[in-house]
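The file coords.cif comes next; it holds mmCIF, C-alpha atoms and all ligand atoms.
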```
data_start
loop_
_atom_site.label_atom_id
_atom_site.label_comp_id
_atom_site.auth_asym_id
_atom_site.auth_seq_id
_atom_site.Cartn_x
_atom_site.Cartn_y
_atom_site.Cartn_z
CA MET A 1 0.00 0.00 0.00
CA ARG A 2 1.21 3.44 -0.87
CA LYS A 3 2.03 6.04 1.67
CA VAL A 4 -0.28 8.97 1.51
CA LYS A 5 0.06 12.45 2.83
CA SER A 6 -2.12 12.52 5.88
CA HIS A 7 -4.65 15.25 6.13
CA SER A 8 -5.65 16.17 9.60
CA SER A 9 -9.37 16.30 9.52
CA HIS A 10 -10.93 19.47 10.75
CA ILE A 11 -14.48 18.55 10.04
CA GLY A 12 -16.80 18.28 12.96
CA VAL A 13 -18.95 15.71 11.25
CA THR A 14 -18.77 12.17 12.49
CA LEU A 15 -20.96 9.61 10.87
CA LEU A 16 -20.64 6.00 11.80
CA SER A 17 -20.96 3.57 8.96
CA SER A 18 -23.59 1.73 11.00
CA ASP A 19 -25.73 4.86 10.73
CA LEU A 20 -26.59 4.33 7.13
CA SER A 21 -30.30 4.68 7.61
CA LYS A 22 -31.82 6.47 4.67
CA PRO A 23 -32.35 9.97 6.13
CA LYS A 24 -28.85 10.14 7.60
CA ASP A 25 -27.32 8.82 4.43
CA ASP A 26 -29.18 11.47 2.48
CA LEU A 27 -27.92 14.10 4.87
CA PHE A 28 -24.37 12.86 4.44
CA LYS A 29 -24.75 13.07 0.66
CA HIS A 30 -26.36 16.47 0.95
CA ASP A 31 -23.50 17.77 3.08
CA VAL A 32 -20.89 16.48 0.64
CA VAL A 33 -22.57 18.22 -2.31
CA LYS A 34 -23.07 21.38 -0.30
CA LEU A 35 -19.37 21.50 0.60
CA ILE A 36 -18.38 21.12 -3.05
CA LEU A 37 -20.79 23.87 -4.10
CA SER A 38 -19.35 26.03 -1.32
CA ARG A 39 -15.90 25.56 -2.85
CA ARG A 40 -14.79 23.34 0.02
CA THR A 41 -14.01 20.40 -2.22
CA GLU A 42 -11.03 19.19 -0.17
CA GLU A 43 -13.24 18.88 2.91
CA ALA A 44 -15.89 17.06 0.90
CA ILE A 45 -13.29 14.61 -0.35
CA GLU A 46 -12.01 14.02 3.18
CA MET A 47 -15.55 13.30 4.31
CA LEU A 48 -16.04 10.84 1.48
CA ALA A 49 -12.73 9.08 2.08
CA ASP A 50 -13.58 8.83 5.74
CA ARG A 51 -17.02 7.42 5.10
CA PHE A 52 -15.85 4.87 2.55
CA MET A 53 -12.70 4.11 4.53
CA VAL A 54 -10.27 4.78 1.71
CA GLU A 55 -7.27 7.06 1.49
CA VAL A 56 -7.90 10.69 0.62
CA PRO A 57 -7.19 11.23 -3.07
CA ARG A 58 -5.25 14.27 -4.18
CA ILE A 59 -6.94 16.79 -6.36
CA LYS A 60 -5.18 19.05 -8.81
CA VAL A 61 -6.10 21.57 -11.46
CA GLY A 62 -4.39 20.66 -14.70
CA HIS A 63 -4.29 18.19 -17.52
CA TRP A 64 -2.94 14.69 -17.34
CA LYS A 65 -0.71 13.59 -20.17
CA GLY A 66 -2.27 15.72 -22.84
CA ARG A 67 -5.80 14.59 -22.21
CA LYS A 68 -7.18 18.03 -22.90
CA ASN A 69 -10.65 17.16 -24.06
CA VAL A 70 -11.86 15.90 -20.70
CA LEU A 71 -13.28 17.86 -17.78
CA ALA A 72 -11.54 15.66 -15.30
CA VAL A 73 -9.71 12.38 -14.98
CA TYR A 74 -8.73 10.10 -12.12
CA VAL A 75 -5.21 8.74 -12.29
CA SER A 76 -5.08 5.63 -10.19
CA GLN A 77 -1.27 5.32 -10.02
CA ARG A 78 -1.14 8.79 -8.50
CA GLN A 79 -4.37 8.60 -6.54
CA THR A 80 -5.08 11.98 -8.04
CA ILE A 81 -8.11 13.61 -9.56
CA PHE A 82 -7.07 16.08 -12.23
CA VAL A 83 -9.64 18.70 -13.14
CA ALA A 84 -9.15 20.73 -16.31
CA LYS A 85 -10.27 24.04 -14.89
CA SER A 86 -10.62 25.29 -11.36
CA SER A 87 -14.32 25.84 -12.00
CA GLU A 88 -14.72 22.05 -12.20
CA MET A 89 -13.49 21.86 -8.61
CA TRP A 90 -16.89 23.18 -7.58
CA ASN A 91 -18.86 20.86 -9.82
CA PRO A 92 -20.29 18.09 -7.63
CA PHE A 93 -21.05 15.84 -10.57
CA VAL A 94 -17.47 15.93 -11.83
CA ILE A 95 -15.90 15.52 -8.39
CA LEU A 96 -18.19 12.68 -7.31
CA HIS A 97 -17.82 10.87 -10.62
CA GLU A 98 -14.03 10.94 -10.27
CA PHE A 99 -14.19 10.02 -6.59
CA TYR A 100 -16.08 6.91 -7.61
CA HIS A 101 -13.16 5.86 -9.80
CA HIS A 102 -10.86 6.41 -6.82
CA LEU A 103 -13.13 4.35 -4.61
CA ARG A 104 -13.33 1.51 -7.10
CA SER A 105 -9.63 1.42 -7.83
CA ARG A 106 -8.86 1.32 -4.09
CA SER A 107 -11.26 -1.50 -3.40
CA GLY A 108 -10.51 -3.62 -6.42
CA LYS A 109 -8.65 -3.76 -9.66
CA HIS A 110 -11.34 -2.27 -11.77
CA ARG A 111 -11.98 1.45 -11.90
CA GLY A 112 -15.70 0.96 -12.40
CA THR A 113 -17.75 1.81 -15.41
CA GLU A 114 -18.63 5.31 -16.55
CA LYS A 115 -22.27 4.50 -16.06
CA LEU A 116 -21.76 3.49 -12.42
CA ALA A 117 -19.61 6.55 -11.79
CA ASP A 118 -22.44 8.69 -13.14
CA SER A 119 -25.03 6.88 -11.01
CA PHE A 120 -22.89 7.35 -7.91
CA ALA A 121 -22.66 11.10 -8.55
CA ILE A 122 -26.35 11.42 -9.38
CA ALA A 123 -27.39 9.71 -6.14
CA PHE A 124 -25.54 12.40 -4.17
CA ILE A 125 -27.04 15.22 -6.19
CA ARG A 126 -30.52 13.76 -5.87
CA ALA A 127 -30.13 13.50 -2.09
CA PHE A 128 -28.89 17.08 -2.02
CA LEU A 129 -31.95 18.29 -3.92
CA ASP A 130 -34.29 16.20 -1.76
CA VAL A 131 -32.91 17.67 1.44
CA GLU A 132 -32.78 21.21 0.07
CA TYR A 133 -36.17 21.31 -1.58
CA LYS A 134 -38.32 18.71 0.10
CA GLY A 135 -37.26 19.55 3.62
CA THR A 136 -36.20 16.07 4.69
CA ALA A 137 -35.91 15.95 8.46
CA THR A 138 -32.62 17.04 9.92
CA PRO A 139 -31.21 15.24 12.98
CA THR A 140 -32.47 17.99 15.28
CA SER A 141 -36.02 17.94 13.95
CA PRO A 142 -38.75 15.86 15.52
CA PRO A 143 -39.70 12.80 13.44
ZN ZN B 1 -15.20 8.39 -15.59
#
```
Starting from the file, lay out its structure as structure tokens.
Ligand SMILES: [Zn+2]
Amino acid sequence: MRKVKSHSSHIGVTLLSSDLSKPKDDLFKHDVVKLILSRRTEEAIEMLADRFMVEVPRIKVGHWKGRKNVLAVYVSQRQTIFVAKSSEMWNPFVILHEFYHHLRSRSGKHRGTEKLADSFAIAFIRAFLDVEYKGTATPTSPP
């Protein structure tokens, strides 16, 4: 296993993996998307890595080996997400899609299909919209 720069987590959010009941899971997804939209992508990625118990991937603005026609790419050997433009850093779909490739390449040999990476990202965005617009209960609300 590769050595990875350790990030000291400064997020006050602790979610146990046993707490994956639907509303809490939606809230977790909501919070991840919200952080990305708030330009706190590094924190969102730390939260994701923590939840899925994988190492925190690096994230860089730039192109990887001349692949200039892509918004973003995950490079497994470097555990790095490269985004073409800094504006893509705040795009939850792009970040979550690439995080899925990180997740899959950590847990197995396959980086996962594009379709599954899209579904992973969409599930987060859907949960975000549900919580934002349908007023799903927050932990402090009565049931
Ligand atoms: Zn992909």
Inset, instruction - Return as a PyMOL selection string every polymer residue, whether protein, DNA or RNA, with at least one atom no more than 9 Å from an atom of ligand ZN 1 (chain B); count only C-alpha atoms and all ligand atoms. - result: chain A and resi 72-74+94+97-98+100-101+111-118
Inset, instruction - Go through A:Tyr133, A:Arg39, A:Lys29, A:Val83 and flag the residue nearest Trp64 (chain A), using all atoms listed in the file for the distances. - result: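 Closest to Trp64 (chain A), using all atoms listed in the file: A:Val83.
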Inset, instruction - Rank A:Leu103, A:Asn69, A:Ile125, A:Lys34 by their smallest atom-to-atom distance to Arg51 (chain A), using only C-alpha atoms, and report the top residue only. - result: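 For Arg51 (chain A), the nearest of the given residues is A:Leu103.
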Inset, instruction - Take CA of Arg40 (chain A) and CA of Phe124 (chain A) and report the distance between them in Å, one decimal. - result: 15.9 Å
Legend entry - Coordinates-based distance that separates CA of Ala44 (chain A) from CA of Arg106 (chain A) (Å, one decimal):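 Taking CA of Arg106 (chain A) as the start and CA of Ala44 (chain A) as the end point, the length is 17.9 Å.
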Once you count only C-alpha atoms, which residues end up no further than 12 Å from (-12.2, 21.0, -3.5) in the file's frame, shown as a short mmCIF file (atom, residue, chain, number, x, y, z; two decimals) with C-alpha atoms, in the frame of the given file?
```
data_model
loop_
_atom_site.label_atom_id
_atom_site.label_comp_id
_atom_site.auth_asym_id
_atom_site.auth_seq_id
_atom_site.Cartn_x
_atom_site.Cartn_y
_atom_site.Cartn_z
CA VAL A 32 -20.89 16.48 0.64
CA VAL A 33 -22.57 18.22 -2.31
CA LYS A 34 -23.07 21.38 -0.30
CA LEU A 35 -19.37 21.50 0.60
CA ILE A 36 -18.38 21.12 -3.05
CA LEU A 37 -20.79 23.87 -4.10
CA SER A 38 -19.35 26.03 -1.32
CA ARG A 39 -15.90 25.56 -2.85
CA ARG A 40 -14.79 23.34 0.02
CA THR A 41 -14.01 20.40 -2.22
CA GLU A 42 -11.03 19.19 -0.17
CA GLU A 43 -13.24 18.88 2.91
CA ALA A 44 -15.89 17.06 0.90
CA ILE A 45 -13.29 14.61 -0.35
CA GLU A 46 -12.01 14.02 3.18
CA MET A 47 -15.55 13.30 4.31
CA LEU A 48 -16.04 10.84 1.48
CA VAL A 56 -7.90 10.69 0.62
CA PRO A 57 -7.19 11.23 -3.07
CA ARG A 58 -5.25 14.27 -4.18
CA ILE A 59 -6.94 16.79 -6.36
CA LYS A 60 -5.18 19.05 -8.81
CA VAL A 61 -6.10 21.57 -11.46
CA ILE A 81 -8.11 13.61 -9.56
CA PHE A 82 -7.07 16.08 -12.23
CA VAL A 83 -9.64 18.70 -13.14
CA LYS A 85 -10.27 24.04 -14.89
CA SER A 86 -10.62 25.29 -11.36
CA SER A 87 -14.32 25.84 -12.00
CA GLU A 88 -14.72 22.05 -12.20
CA MET A 89 -13.49 21.86 -8.61
CA TRP A 90 -16.89 23.18 -7.58
CA ASN A 91 -18.86 20.86 -9.82
CA PRO A 92 -20.29 18.09 -7.63
CA VAL A 94 -17.47 15.93 -11.83
CA ILE A 95 -15.90 15.52 -8.39
CA LEU A 96 -18.19 12.68 -7.31
CA PHE A 99 -14.19 10.02 -6.59
#
```
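In this model, the gap between CA of Ser105 (chain A) and CA of Ser76 (chain A) comes to 6.6 Å.
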Legend entry - Which residue of A:Ala121, A:Ala49, A:Ala84, A:Leu27 approaches Arg67 (chain A) most closely, using only C-alpha atoms: A:Ala84
Legend entry - Selected residue, from A:Lys68, A:Phe93, A:Asp50, A:Lys134, that lies nearest to Ile122 (chain A) when counting all atoms listed in the file: A:Phe93
